[in-house]
$ cat final-v4.tsv   # TSV, C-alpha atoms
chain	number	residue	atom	x	y	z
S	1080	MET	CA	15.61	-176.45	159.48
S	1081	GLU	CA	13.25	-177.00	156.56
S	1082	LYS	CA	13.87	-177.86	152.91
S	1083	PHE	CA	11.40	-177.55	150.03
S	1084	THR	CA	11.19	-176.67	146.34
S	1085	ILE	CA	8.85	-174.16	144.74
S	1086	SER	CA	8.40	-174.58	140.98
S	1087	THR	CA	6.49	-172.20	138.76
S	1088	ARG	CA	6.45	-170.77	135.23
S	1089	ALA	CA	7.38	-167.28	134.13
S	1090	GLN	CA	5.86	-165.25	131.28
S	1091	ARG	CA	9.21	-164.79	129.55
S	1092	PRO	CA	12.77	-166.10	129.82
S	1093	LEU	CA	15.07	-163.83	131.80
S	1094	SER	CA	17.05	-161.58	129.45
S	1095	GLY	CA	20.85	-161.34	129.41
S	1096	THR	CA	23.54	-163.97	128.91
S	1097	THR	CA	25.30	-164.45	132.28
S	1098	ARG	CA	25.11	-168.16	133.13
S	1099	GLN	CA	25.52	-168.12	136.88
S	1100	ALA	CA	25.58	-165.75	139.82
S	1101	ILE	CA	26.19	-166.14	143.53
S	1102	LEU	CA	25.32	-163.48	146.08
S	1103	GLY	CA	24.63	-162.94	149.75
S	1104	VAL	CA	26.06	-164.73	152.74
S	1105	VAL	CA	24.73	-167.25	155.29
S	1106	ALA	CA	24.92	-164.86	158.23
S	1107	SER	CA	22.23	-164.15	160.82
S	1108	GLY	CA	19.23	-162.50	159.14
S	1109	ASN	CA	20.79	-163.00	155.72
S	1110	LEU	CA	20.88	-165.64	152.99
S	1111	GLU	CA	22.94	-166.77	150.02
S	1112	LEU	CA	21.56	-167.52	146.59
S	1113	LEU	CA	22.97	-169.36	143.59
S	1114	PHE	CA	21.32	-168.44	140.28
S	1115	GLU	CA	21.80	-170.86	137.35
S	1116	ARG	CA	20.25	-170.73	133.87
S	1117	ILE	CA	18.50	-173.97	132.92
S	1118	GLY	CA	16.60	-172.79	129.81
S	1119	GLY	CA	12.87	-172.83	129.07
S	1120	ASP	CA	10.30	-170.88	131.03
S	1121	THR	CA	10.27	-172.72	134.36
S	1122	VAL	CA	11.47	-171.18	137.57
S	1123	GLU	CA	12.78	-173.68	140.12
S	1124	ILE	CA	13.60	-172.44	143.59
S	1125	ASN	CA	15.19	-174.82	146.11
S	1126	ILE	CA	15.06	-173.46	149.62
S	1127	LEU	CA	16.91	-174.59	152.71
S	1128	THR	CA	15.94	-172.39	155.63
S	1129	ALA	CA	16.89	-172.32	159.30
S	1130	SER	CA	13.39	-171.08	160.18
S	1131	THR	CA	10.73	-173.79	160.08
S	1132	GLY	CA	7.08	-173.07	159.23
S	1133	TYR	CA	7.31	-170.15	156.81
S	1134	ARG	CA	6.59	-171.90	153.50
S	1135	THR	CA	3.51	-169.78	152.74
S	1136	VAL	CA	5.54	-166.59	153.24
S	1137	TRP	CA	8.22	-167.89	150.86
S	1138	GLU	CA	5.53	-168.71	148.30
S	1139	ALA	CA	4.10	-165.19	148.54
S	1140	VAL	CA	7.52	-163.52	148.15
S	1141	ILE	CA	8.42	-165.73	145.18
S	1142	ARG	CA	5.05	-165.13	143.48
S	1143	ASP	CA	5.69	-161.38	143.76
S	1144	PHE	CA	9.29	-161.78	142.49
S	1145	VAL	CA	8.24	-163.88	139.46
S	1146	GLU	CA	5.49	-161.38	138.55
S	1147	ARG	CA	7.89	-158.46	138.75
S	1148	THR	CA	10.93	-159.86	136.89
S	1149	SER	CA	9.69	-162.89	134.91
S	1150	PRO	CA	12.87	-164.93	135.53
S	1151	GLY	CA	12.06	-167.82	133.11
S	1152	GLY	CA	14.66	-170.60	132.72
S	1153	VAL	CA	16.38	-169.99	136.04
S	1154	ARG	CA	17.11	-172.31	138.97
S	1155	ILE	CA	17.72	-170.58	142.29
S	1156	THR	CA	19.19	-172.44	145.25
S	1157	ILE	CA	18.90	-170.68	148.60
S	1158	HIS	CA	20.61	-171.19	151.97
S	1159	ASP	CA	18.68	-169.02	154.40
S	1160	ASN	CA	19.64	-168.08	157.94
S	1161	GLY	CA	16.48	-166.29	159.05
S	1162	ALA	CA	16.32	-163.43	156.54
S	1163	ARG	CA	13.16	-161.29	156.61
S	1164	PRO	CA	10.88	-161.32	153.54
S	1165	ASP	CA	12.05	-157.85	152.44
S	1166	THR	CA	15.69	-159.00	152.53
S	1167	VAL	CA	14.78	-162.12	150.54
S	1168	MET	CA	13.01	-160.00	147.92
S	1169	LEU	CA	15.97	-157.62	147.67
S	1170	ARG	CA	18.40	-160.52	147.17
S	1171	LEU	CA	16.16	-162.19	144.54
S	1172	MET	CA	15.97	-158.93	142.56
S	1173	GLN	CA	19.74	-158.45	142.93
S	1174	GLY	CA	20.43	-161.98	141.60
S	1175	ALA	CA	18.12	-161.49	138.61
S	1176	LYS	CA	19.91	-158.21	137.78
S	1177	MET	CA	23.29	-160.00	137.95
S	1178	LEU	CA	22.13	-162.60	135.38
S	1179	GLU	CA	20.70	-159.88	133.13
S	1180	MET	CA	24.08	-158.17	132.86
S	1181	PRO	CA	26.20	-159.05	129.81
S	1182	SER	CA	28.63	-161.86	130.66
Z	1013	MET	CA	32.71	-139.50	161.02
Z	1014	ILE	CA	33.81	-141.22	157.83
Z	1015	PRO	CA	36.86	-139.41	156.43
Z	1016	LYS	CA	35.96	-137.71	153.14
Z	1017	ASN	CA	38.82	-139.20	151.16
Z	1018	ILE	CA	37.88	-142.84	151.77
Z	1019	SER	CA	34.10	-142.56	151.89
Z	1020	LYS	CA	33.73	-143.61	148.26
Z	1021	ALA	CA	36.47	-146.25	148.20
Z	1022	ALA	CA	35.49	-149.90	148.75
Z	1023	SER	CA	36.32	-150.87	152.33
Z	1024	TRP	CA	38.14	-154.15	152.98
Z	1025	TYR	CA	36.35	-154.51	156.33
Z	1026	GLU	CA	32.90	-154.07	154.78
Z	1027	SER	CA	33.52	-156.18	151.66
Z	1028	SER	CA	32.54	-159.82	151.25
Z	1029	ALA	CA	35.25	-162.43	150.64
Z	1030	ARG	CA	34.36	-162.53	146.93
Z	1031	ASP	CA	34.49	-158.74	146.61
Z	1032	ARG	CA	37.93	-158.72	148.27
Z	1033	ILE	CA	39.22	-161.28	145.75
Z	1034	ASN	CA	37.83	-159.32	142.82
Z	1035	GLY	CA	39.28	-156.07	144.17
Z	1036	LEU	CA	42.72	-157.59	144.85
Z	1037	LEU	CA	43.38	-159.46	141.60
Z	1038	ASP	CA	43.48	-158.14	138.05
Z	1039	HIS	CA	39.95	-157.37	136.91
Z	1040	GLY	CA	38.11	-160.48	135.71
Z	1041	SER	CA	41.14	-162.78	136.16
Z	1042	PHE	CA	39.82	-164.89	139.07
Z	1043	ARG	CA	39.03	-168.54	138.27
Z	1044	GLU	CA	37.43	-170.32	141.20
Z	1045	ILE	CA	38.27	-173.93	142.11
Z	1046	LEU	CA	35.31	-175.94	143.50
Z	1047	GLY	CA	32.89	-173.06	142.95
Z	1048	PRO	CA	29.37	-172.94	144.38
Z	1049	GLU	CA	27.94	-175.02	141.51
Z	1050	ALA	CA	30.20	-177.93	142.59
Z	1051	GLY	CA	28.09	-178.22	145.75
Z	1052	VAL	CA	30.97	-179.21	148.04
Z	1053	ILE	CA	29.36	-178.25	151.34
Z	1054	SER	CA	29.86	-179.21	154.98
Z	1055	PRO	CA	28.57	-182.72	155.73
Z	1056	HIS	CA	28.24	-181.88	159.44
Z	1057	LEU	CA	26.21	-178.67	159.79
Z	1058	ALA	CA	22.85	-180.33	158.98
Z	1059	LEU	CA	23.30	-182.52	162.09
Z	1060	PHE	CA	23.25	-179.31	164.13
Z	1061	ASP	CA	20.26	-177.93	162.21
Z	1062	LEU	CA	22.44	-175.20	160.71
Z	1063	PRO	CA	22.29	-174.04	157.08
Z	1064	PRO	CA	25.49	-174.60	155.04
Z	1065	ALA	CA	27.20	-172.25	152.57
Z	1066	PHE	CA	27.91	-173.23	148.95
Z	1067	ASP	CA	31.63	-172.65	149.42
Z	1068	ASP	CA	31.77	-173.53	153.16
Z	1069	GLY	CA	33.05	-170.01	153.74
Z	1070	MET	CA	36.35	-170.66	151.91
Z	1071	ILE	CA	36.76	-169.44	148.33
Z	1072	ILE	CA	39.86	-170.69	146.52
Z	1073	GLY	CA	41.23	-170.27	143.02
Z	1074	ARG	CA	43.78	-168.71	140.72
Z	1075	GLY	CA	44.13	-165.39	139.01
Z	1076	THR	CA	46.70	-162.78	138.12
Z	1077	MET	CA	48.24	-159.83	139.94
Z	1078	ASN	CA	49.65	-157.28	137.49
Z	1079	GLY	CA	49.74	-160.12	134.94
Z	1080	HIS	CA	51.59	-162.62	137.16
Z	1081	PRO	CA	49.80	-165.91	138.01
Z	1082	VAL	CA	48.91	-166.21	141.70
Z	1083	ALA	CA	46.80	-168.49	143.89
Z	1084	ILE	CA	44.32	-167.06	146.36
Z	1085	ALA	CA	42.09	-168.18	149.24
Z	1086	ALA	CA	39.54	-165.99	150.99
Z	1087	GLN	CA	37.50	-166.74	154.09
Z	1088	GLU	CA	34.00	-165.31	154.49
Z	1089	GLY	CA	34.11	-163.96	158.03
Z	1090	GLN	CA	30.35	-163.56	158.28
Z	1091	PHE	CA	29.61	-167.27	157.71
Z	1092	MET	CA	29.97	-169.15	161.02
Z	1093	GLY	CA	32.54	-166.55	162.09
Z	1094	GLY	CA	34.94	-167.46	159.26
Z	1095	THR	CA	35.91	-170.87	160.45
Z	1096	PHE	CA	38.36	-173.68	159.80
Z	1097	ALA	CA	36.35	-176.87	159.28
Z	1098	GLU	CA	36.49	-180.09	157.27
Z	1099	VAL	CA	35.60	-178.78	153.81
Z	1100	SER	CA	36.94	-175.23	154.19
Z	1101	GLY	CA	40.19	-176.60	155.63
Z	1102	ALA	CA	40.62	-179.21	152.89
Z	1103	LYS	CA	40.14	-176.52	150.23
Z	1104	LEU	CA	42.84	-174.33	151.76
Z	1105	VAL	CA	45.27	-177.23	152.27
Z	1106	GLY	CA	44.62	-178.42	148.71
Z	1107	LEU	CA	45.31	-174.98	147.27
Z	1108	LEU	CA	48.64	-174.71	149.11
Z	1109	ARG	CA	49.71	-178.24	148.16
Z	1110	ALA	CA	48.77	-177.63	144.53
Z	1111	ALA	CA	50.88	-174.46	144.53
Z	1112	THR	CA	53.86	-176.43	145.89
Z	1113	ALA	CA	53.36	-179.26	143.38
Z	1114	ALA	CA	53.20	-176.77	140.52
Z	1115	ALA	CA	56.48	-175.02	141.44
Z	1116	ASP	CA	58.86	-174.88	138.46
Z	1117	THR	CA	56.16	-176.05	136.03
Z	1118	ALA	CA	54.08	-174.13	133.50
Z	1119	GLN	CA	51.31	-173.92	136.13
Z	1120	ALA	CA	53.58	-172.30	138.75
Z	1121	VAL	CA	52.41	-169.38	140.87
Z	1122	SER	CA	54.78	-166.91	142.53
Z	1123	THR	CA	52.49	-166.14	145.44
Z	1124	VAL	CA	49.59	-167.50	147.47
Z	1125	PHE	CA	47.41	-164.79	149.01
Z	1126	LEU	CA	45.50	-165.75	152.17
Z	1127	LEU	CA	42.61	-163.38	152.87
Z	1128	LEU	CA	41.97	-164.70	156.37
Z	1129	ASP	CA	38.91	-163.54	158.30
Z	1130	THR	CA	38.28	-165.96	161.13
Z	1131	GLY	CA	37.54	-166.58	164.78
Z	1132	GLY	CA	39.31	-169.94	164.51
Z	1133	VAL	CA	38.14	-173.54	164.37
Z	1134	ARG	CA	34.42	-174.23	163.77
Z	1135	LEU	CA	33.15	-175.67	167.06
Z	1136	GLN	CA	30.67	-178.02	165.34
Z	1137	GLU	CA	33.55	-179.65	163.42
Z	1138	ALA	CA	36.26	-179.10	166.00
Z	1139	ASN	CA	38.38	-182.20	165.37
Z	1140	ALA	CA	38.36	-181.74	161.61
Z	1141	GLY	CA	39.03	-178.01	162.10
Z	1142	GLU	CA	42.04	-178.53	164.39
Z	1143	MET	CA	43.43	-181.05	161.89
Z	1144	ALA	CA	42.82	-178.53	159.11
Z	1145	VAL	CA	44.85	-175.86	160.92
Z	1146	SER	CA	47.83	-178.15	161.46
Z	1147	GLU	CA	47.69	-179.43	157.87
Z	1148	THR	CA	47.43	-175.82	156.65
Z	1149	VAL	CA	50.54	-174.85	158.63
Z	1150	ARG	CA	52.48	-177.78	157.17
Z	1151	ALA	CA	51.29	-177.11	153.62
Z	1152	LEU	CA	52.08	-173.40	154.03
Z	1153	LEU	CA	55.64	-174.06	155.20
Z	1154	GLU	CA	56.15	-176.53	152.34
Z	1155	ALA	CA	54.99	-173.88	149.87
Z	1156	ARG	CA	57.47	-171.40	151.37
Z	1157	SER	CA	60.23	-174.03	151.18
Z	1158	ALA	CA	59.42	-174.37	147.48
Z	1159	GLY	CA	60.10	-170.64	147.09
Z	1160	ILE	CA	56.49	-169.49	146.94
Z	1161	ALA	CA	55.55	-166.39	148.92
Z	1162	VAL	CA	52.51	-166.84	151.16
Z	1163	ILE	CA	51.06	-163.46	152.05
Z	1164	ALA	CA	48.33	-162.92	154.66
Z	1165	LEU	CA	45.94	-159.97	154.30
Z	1166	ILE	CA	44.17	-159.16	157.56
Z	1167	GLY	CA	41.47	-156.52	157.87
Z	1168	GLY	CA	38.13	-158.31	158.06
Z	1169	ARG	CA	35.34	-158.31	160.63
Z	1170	ALA	CA	36.42	-161.50	162.39
Z	1171	GLY	CA	40.16	-160.70	162.45
Z	1172	ALA	CA	42.58	-163.66	162.53
Z	1173	PHE	CA	42.09	-165.56	165.78
Z	1174	GLY	CA	42.73	-169.10	167.00
Z	1175	GLY	CA	44.16	-171.24	164.21
Z	1176	GLY	CA	43.87	-168.22	161.93
Z	1177	GLY	CA	46.35	-166.35	164.14
Z	1178	ILE	CA	48.79	-169.26	163.99
Z	1179	VAL	CA	48.47	-169.57	160.20
Z	1180	THR	CA	49.00	-165.81	159.84
Z	1181	ALA	CA	52.20	-165.95	161.89
Z	1182	CYS	CA	53.57	-168.66	159.57
Z	1183	CYS	CA	53.19	-166.52	156.44
Z	1184	SER	CA	56.12	-164.91	154.67
Z	1185	HIS	CA	54.49	-161.47	154.87
Z	1186	VAL	CA	51.51	-160.01	156.72
Z	1187	ILE	CA	49.55	-157.00	155.47
Z	1188	ILE	CA	47.17	-155.42	157.97
Z	1189	SER	CA	44.84	-152.42	158.35
Z	1190	GLU	CA	43.80	-150.59	161.51
Z	1191	GLN	CA	40.65	-152.75	161.69
Z	1192	GLY	CA	42.62	-155.99	161.37
Z	1193	ARG	CA	43.26	-158.00	164.53
Z	1194	ILE	CA	45.62	-160.92	165.06
Z	1195	SER	CA	45.78	-163.10	168.16
Z	1196	ILE	CA	45.43	-166.70	169.29
Z	1197	SER	CA	42.87	-166.66	172.12
Z	1198	GLY	CA	40.05	-164.22	171.43
Z	1199	PRO	CA	39.10	-161.56	173.99
Z	1200	GLU	CA	35.98	-163.47	175.11
Z	1201	VAL	CA	38.01	-166.65	175.61
Z	1202	ILE	CA	40.60	-164.87	177.74
Z	1203	GLU	CA	37.90	-163.20	179.81
Z	1204	THR	CA	36.05	-166.50	180.33
Z	1205	ASN	CA	39.18	-168.25	181.55
Z	1206	LYS	CA	40.97	-165.49	183.45
Z	1207	GLY	CA	38.27	-162.94	184.27
Z	1208	ALA	CA	37.49	-159.40	183.11
Z	1209	GLU	CA	40.36	-158.03	185.21
Z	1210	GLU	CA	42.80	-159.89	182.95
Z	1211	PHE	CA	41.13	-158.80	179.72
Z	1212	ASP	CA	37.77	-157.02	179.43
Z	1213	SER	CA	36.35	-158.24	176.11
Z	1214	ARG	CA	33.65	-155.55	176.14
Z	1215	ASP	CA	36.25	-152.77	176.23
Z	1216	ARG	CA	36.47	-152.37	172.46
Z	1217	ALA	CA	39.23	-149.76	172.66
Z	1218	LEU	CA	41.34	-152.15	174.75
Z	1219	VAL	CA	40.75	-155.06	172.36
Z	1220	TRP	CA	41.83	-153.02	169.32
Z	1221	ARG	CA	44.69	-151.33	171.21
Z	1222	VAL	CA	46.17	-154.75	172.03
Z	1223	THR	CA	45.25	-157.04	169.12
Z	1224	GLY	CA	44.64	-154.43	166.40
Z	1225	GLY	CA	46.61	-153.59	163.28
Z	1226	ARG	CA	48.56	-150.68	164.75
Z	1227	SER	CA	50.06	-152.59	167.67
Z	1228	ARG	CA	50.77	-155.62	165.45
Z	1229	ALA	CA	52.57	-153.43	162.91
Z	1230	LEU	CA	54.58	-151.50	165.53
Z	1231	LEU	CA	55.71	-154.71	167.25
Z	1232	GLY	CA	56.61	-156.56	164.05
Z	1233	GLY	CA	53.65	-158.98	164.10
Z	1234	ALA	CA	52.62	-157.55	160.75
Z	1235	ASP	CA	54.93	-156.28	158.02
Z	1236	SER	CA	52.85	-153.80	156.04
Z	1237	TYR	CA	50.29	-151.39	157.46
Z	1238	VAL	CA	47.73	-150.10	154.98
Z	1239	LYS	CA	44.68	-147.85	155.01
Z	1240	GLY	CA	41.44	-149.82	155.17
Z	1241	ASP	CA	40.39	-149.60	151.52
Z	1242	VAL	CA	40.64	-152.46	149.04
Z	1243	ALA	CA	42.93	-150.50	146.70
Z	1244	SER	CA	45.52	-150.00	149.47
Z	1245	PHE	CA	45.56	-153.75	150.15
Z	1246	ARG	CA	46.07	-154.39	146.42
Z	1247	GLN	CA	48.88	-151.87	146.22
Z	1248	ALA	CA	50.72	-153.44	149.18
Z	1249	ALA	CA	50.11	-156.99	147.91
Z	1250	ALA	CA	51.58	-156.12	144.51
Z	1251	VAL	CA	54.84	-154.70	145.89
Z	1252	THR	CA	55.58	-157.32	148.56
Z	1253	ARG	CA	55.57	-160.20	146.08
Z	1254	ASN	CA	59.28	-160.13	145.29
Z	1255	THR	CA	60.78	-158.71	148.47
Z	1256	LEU	CA	60.74	-161.66	150.84
Z	1257	PRO	CA	63.56	-162.92	153.05
Z	1258	ASP	CA	65.00	-166.41	152.66
Z	1259	PHE	CA	63.00	-169.12	154.37
Z	1260	SER	CA	66.09	-170.52	156.05
Z	1261	LEU	CA	67.31	-171.59	159.50
Z	1262	ALA	CA	69.24	-168.32	159.80
Z	1263	THR	CA	66.03	-166.38	159.16
Z	1264	LEU	CA	64.11	-168.35	161.80
Z	1265	ASP	CA	66.96	-168.02	164.34
Z	1266	ALA	CA	66.96	-164.27	163.82
Z	1267	GLU	CA	63.19	-164.16	164.35
Z	1268	GLN	CA	63.45	-166.27	167.51
Z	1269	LYS	CA	66.08	-163.87	168.85
Z	1270	ARG	CA	63.92	-160.86	168.01
Z	1271	LEU	CA	60.92	-162.36	169.82
Z	1272	GLU	CA	63.04	-163.16	172.92
Z	1273	GLU	CA	64.30	-159.60	173.03
Z	1274	ARG	CA	60.77	-158.30	172.63
Z	1275	LEU	CA	59.55	-160.43	175.52
Z	1276	ASN	CA	62.43	-159.23	177.72
Z	1277	ALA	CA	61.77	-155.61	176.88
Z	1278	TYR	CA	57.96	-155.53	177.21
Z	1279	GLY	CA	56.89	-158.80	178.87
Z	1280	ASP	CA	55.71	-157.16	182.10
Z	1281	CYS	CA	53.65	-154.40	180.43
Z	1282	ARG	CA	49.91	-154.38	181.20
Z	1283	ASP	CA	48.75	-152.37	178.17
Z	1284	THR	CA	50.12	-151.08	174.90
Z	1285	PRO	CA	50.71	-147.41	175.94
Z	1286	GLU	CA	53.29	-148.74	178.45
Z	1287	ILE	CA	55.07	-150.51	175.58
Z	1288	TRP	CA	55.00	-147.41	173.39
Z	1289	ALA	CA	56.36	-145.29	176.26
Z	1290	ARG	CA	59.30	-147.69	176.72
Z	1291	ALA	CA	59.83	-147.75	172.97
Z	1292	GLY	CA	60.31	-143.97	173.08
Z	1293	ILE	CA	57.16	-143.00	171.21
Z	1294	ASP	CA	55.98	-139.46	172.01
Z	1295	ASP	CA	52.45	-139.28	173.40
Z	1296	PRO	CA	52.08	-143.08	173.75
Z	1297	LYS	CA	48.38	-142.87	174.71
Z	1298	ASN	CA	47.56	-141.19	171.41
Z	1299	VAL	CA	48.78	-143.90	169.01
Z	1300	SER	CA	45.28	-145.24	168.36
Z	1301	GLU	CA	43.92	-141.72	167.77
Z	1302	LEU	CA	46.37	-140.73	165.02
Z	1303	SER	CA	45.25	-140.44	161.40
Z	1304	ASP	CA	46.42	-143.27	159.14
Z	1305	ASP	CA	48.94	-140.96	157.46
Z	1306	ALA	CA	50.39	-139.83	160.79
Z	1307	PHE	CA	50.57	-143.43	161.99
Z	1308	ILE	CA	52.32	-144.58	158.82
Z	1309	ALA	CA	54.91	-141.82	159.39
Z	1310	LEU	CA	55.35	-142.93	163.01
Z	1311	LEU	CA	55.70	-146.55	161.92
Z	1312	ALA	CA	58.43	-145.65	159.43
Z	1313	GLU	CA	60.33	-143.92	162.24
Z	1314	LYS	CA	59.68	-146.22	165.23
Z	1315	GLY	CA	58.39	-149.53	163.91
Z	1316	HIS	CA	60.29	-152.73	164.55
Z	1317	ALA	CA	61.50	-153.75	161.12
Z	1318	HIS	CA	60.75	-157.42	160.94
Z	1319	GLY	CA	63.20	-158.57	158.31
Z	1320	ALA	CA	63.29	-162.03	159.80
Z	1321	ARG	CA	60.01	-163.58	158.84
$ encode --input "final-v4.tsv" --output "structure tokens"
Amino acid sequence: MEKFTISTRAQRPLSGTTRQAILGVVASGNLELLFERIGGDTVEINILTASTGYRTVWEAVIRDFVERTSPGGVRITIHDNGARPDTVMLRLMQGAKMLEMPS
Amino acid sequence: MIPKNISKAASWYESSARDRINGLLDHGSFREILGPEAGVISPHLALFDLPPAFDDGMIIGRGTMNGHPVAIAAQEGQFMGGTFAEVSGAKLVGLLRAATAAADTAQAVSTVFLLLDTGGVRLQEANAGEMAVSETVRALLEARSAGIAVIALIGGRAGAFGGGGIVTACCSHVIISEQGRISISGPEVIETNKGAEEFDSRDRALVWRVTGGRSRALLGGADSYVKGDVASFRQAAAVTRNTLPDFSLATLDAEQKRLEERLNAYGDCRDTPEIWARAGIDDPKNVSELSDDAFIALLAEKGHAHGAR
């Protein structure tokens, strides 16, 4: 198991007013994510993953996600149980959409 | 083939624990206790190099059902097989005890719904899990003694096995779908201990024929049989709230007598079609092939009314 944090900045704060969202499940090949608004333009992603040695892949997926959705002011905490990068991307986009919905 | 009439309805079996809660209670009424942001996670899983879940696979809280305050707990069957462990068990026990403590106060709830979906105790936290099951049983019976209905809803991927089967049997009412399964020892456990001749865990039809919702409903192990969509579970949960028997010695004696008679009548049967044949059901081999509507009609005619739970 490996634990690390990836911090970056987004172009804009994420729109919408929902404060928090939880999605996904810690099942094989899946992951759960907790999205929390923290304000500002930083994006903080805390990752706990069952698969060791994939940090560069996580960084690439998150760079792509931040470019696409600009989720400024959001902290994302992830419990991963071996999800593939495409599943991770899908869940990140899903979580951002949930926060963008009116609360 | 997926039947046309349910293809667009949310399936209980396919839904996550959180989706089941939201589909069961009044829209937007659920208030979670110890939600994911509280960070109350298993202290043991990291020792085994396993990732935890924010809610430890047990979501608890309060909400309303047709405007009436209720308490609710839902297990996530996909996380660690929907297990009883230290944190998940403490959350469930706490919810039941809080419901009992709140009886006859402004915070009272009429019902606790248990959306169980579990293979039993979590092996990595076995001692804490076994304790959790026994404490859950005690807390559940105390809630029933305080006049609170405790209703199990079974229809998830993991079924209700091990401690989950015991907890289910202690409830005041059990609602089940065809996909739901209730038992103590799981098929793999029986096969490991007694061999495939005793119970072939890979024979899916056999597993569902014996432990599945239809046989449980026909034999009185479950009280309400519903179609597998979330709306049907909600409908059954709403009507059973006020129709429960007394939790008294007379009720338990009657149930004990019913179970003895059942064992005498069917104890030597090797498979469910033999039971259905003795029970006078036409075409006993076909029970698992019937449509839900046809089965519900058969159940109304031939089912063992429980009445004693």
$ residues_around --input "final-v4.tsv" --residues "Thr1112 in chain Z" --least-positions-apart "4" --cutoff "7 Å" --atoms "all atoms listed in the file" --output "VMD selection string"
chain Z and resid 1108 1154 to 1155 1158
$ interface_residues --input "final-v4.tsv" --of "chain Z" --to "chain S" --cutoff "8 Å" --atoms "all atoms listed in the file" --output "number ranges by chain"
Z: 1048-1049, 1061-1065, 1090-1092
$ atom_distance --input "final-v4.tsv" --atom1 "CA of Val1299 in chain Z" --atom2 "CA of Leu1311 in chain Z"
10.3 Å
$ atom_distance --input "final-v4.tsv" --atom1 "CA of Thr1131 in chain S" --atom2 "CA of Lys1082 in chain S"
8.8 Å
$ atom_distance --input "final-v4.tsv" --atom1 "CA of Gly1132 in chain Z" --atom2 "CA of Ala1250 in chain Z"
27.2 Å
$ residues_near_point --input "final-v4.tsv" --point "(43.2, -170.1, 163.3)" --cutoff "7 Å" --atoms "only C-alpha atoms" --output "PyMOL selection string"
chain Z and resi 1096+1130-1133+1145+1172-1179
$ closest_residue --input "final-v4.tsv" --among "S:Gln1173, S:Ser1182, S:Thr1097, S:Thr1084" --to "Glu1138 in chain S" --atoms "all atoms listed in the file"
S:Thr1084
$ residues_around --input "final-v4.tsv" --residues "His1039 in chain Z" --least-positions-apart "6" --cutoff "12 Å" --atoms "all atoms listed in the file" --output "PyMOL selection string"
chain Z and resi 1031-1033+1075-1079+1246
$ write_last_selection --input "final-v4.tsv" --atoms "C-alpha atoms" --output "short mmCIF file (atom, residue, chain, number, x, y, z; two decimals), in the coordinates of the input"
data_model
loop_
_atom_site.label_atom_id
_atom_site.label_comp_id
_atom_site.auth_asym_id
_atom_site.auth_seq_id
_atom_site.Cartn_x
_atom_site.Cartn_y
_atom_site.Cartn_z
CA ASP Z 1031 34.49 -158.74 146.61
CA ARG Z 1032 37.93 -158.72 148.27
CA ILE Z 1033 39.22 -161.28 145.75
CA GLY Z 1075 44.13 -165.39 139.01
CA THR Z 1076 46.70 -162.78 138.12
CA MET Z 1077 48.24 -159.83 139.94
CA ASN Z 1078 49.65 -157.28 137.49
CA GLY Z 1079 49.74 -160.12 134.94
CA ARG Z 1246 46.07 -154.39 146.42
#
$ residues_around --input "final-v4.tsv" --residues "range 1144-1148 of chain S" --least-positions-apart "5" --cutoff "10 Å" --atoms "only C-alpha atoms" --output "MDAnalysis selection string"
chainID S and resid 1087:1094 1122 1138:1139 1167:1169 1171:1172 1175:1176
$ axis_aligned_box --input "final-v4.tsv" --around "range 1124-1138 of chain S" --padding-each-side "3 Å" --output "lines of an AutoDock Vina configuration file"
center_x = 10.2
center_y = -170.7
center_z = 151.9
size_x = 19.4
size_y = 14.2
size_z = 22.6
$ residues_around --input "final-v4.tsv" --residues "Ala1120 in chain Z" --least-positions-apart "3" --cutoff "12 Å" --atoms "all atoms listed in the file" --output "PDB file with C-alpha atoms, in the frame of the given file"
ATOM      1  CA  ARG Z1074      43.780-168.710 140.720  1.00  0.00           C
ATOM      2  CA  GLY Z1075      44.130-165.390 139.010  1.00  0.00           C
ATOM      3  CA  THR Z1076      46.700-162.780 138.120  1.00  0.00           C
ATOM      4  CA  HIS Z1080      51.590-162.620 137.160  1.00  0.00           C
ATOM      5  CA  PRO Z1081      49.800-165.910 138.010  1.00  0.00           C
ATOM      6  CA  VAL Z1082      48.910-166.210 141.700  1.00  0.00           C
ATOM      7  CA  ALA Z1083      46.800-168.490 143.890  1.00  0.00           C
ATOM      8  CA  LEU Z1108      48.640-174.710 149.110  1.00  0.00           C
ATOM      9  CA  ARG Z1109      49.710-178.240 148.160  1.00  0.00           C
ATOM     10  CA  ALA Z1110      48.770-177.630 144.530  1.00  0.00           C
ATOM     11  CA  ALA Z1111      50.880-174.460 144.530  1.00  0.00           C
ATOM     12  CA  THR Z1112      53.860-176.430 145.890  1.00  0.00           C
ATOM     13  CA  ALA Z1113      53.360-179.260 143.380  1.00  0.00           C
ATOM     14  CA  ALA Z1114      53.200-176.770 140.520  1.00  0.00           C
ATOM     15  CA  ALA Z1115      56.480-175.020 141.440  1.00  0.00           C
ATOM     16  CA  ASP Z1116      58.860-174.880 138.460  1.00  0.00           C
ATOM     17  CA  THR Z1117      56.160-176.050 136.030  1.00  0.00           C
ATOM     18  CA  THR Z1123      52.490-166.140 145.440  1.00  0.00           C
ATOM     19  CA  VAL Z1124      49.590-167.500 147.470  1.00  0.00           C
ATOM     20  CA  ALA Z1155      54.990-173.880 149.870  1.00  0.00           C
ATOM     21  CA  ALA Z1158      59.420-174.370 147.480  1.00  0.00           C
ATOM     22  CA  GLY Z1159      60.100-170.640 147.090  1.00  0.00           C
ATOM     23  CA  ILE Z1160      56.490-169.490 146.940  1.00  0.00           C
ATOM     24  CA  ALA Z1161      55.550-166.390 148.920  1.00  0.00           C
TER      25      ALA Z1161
END
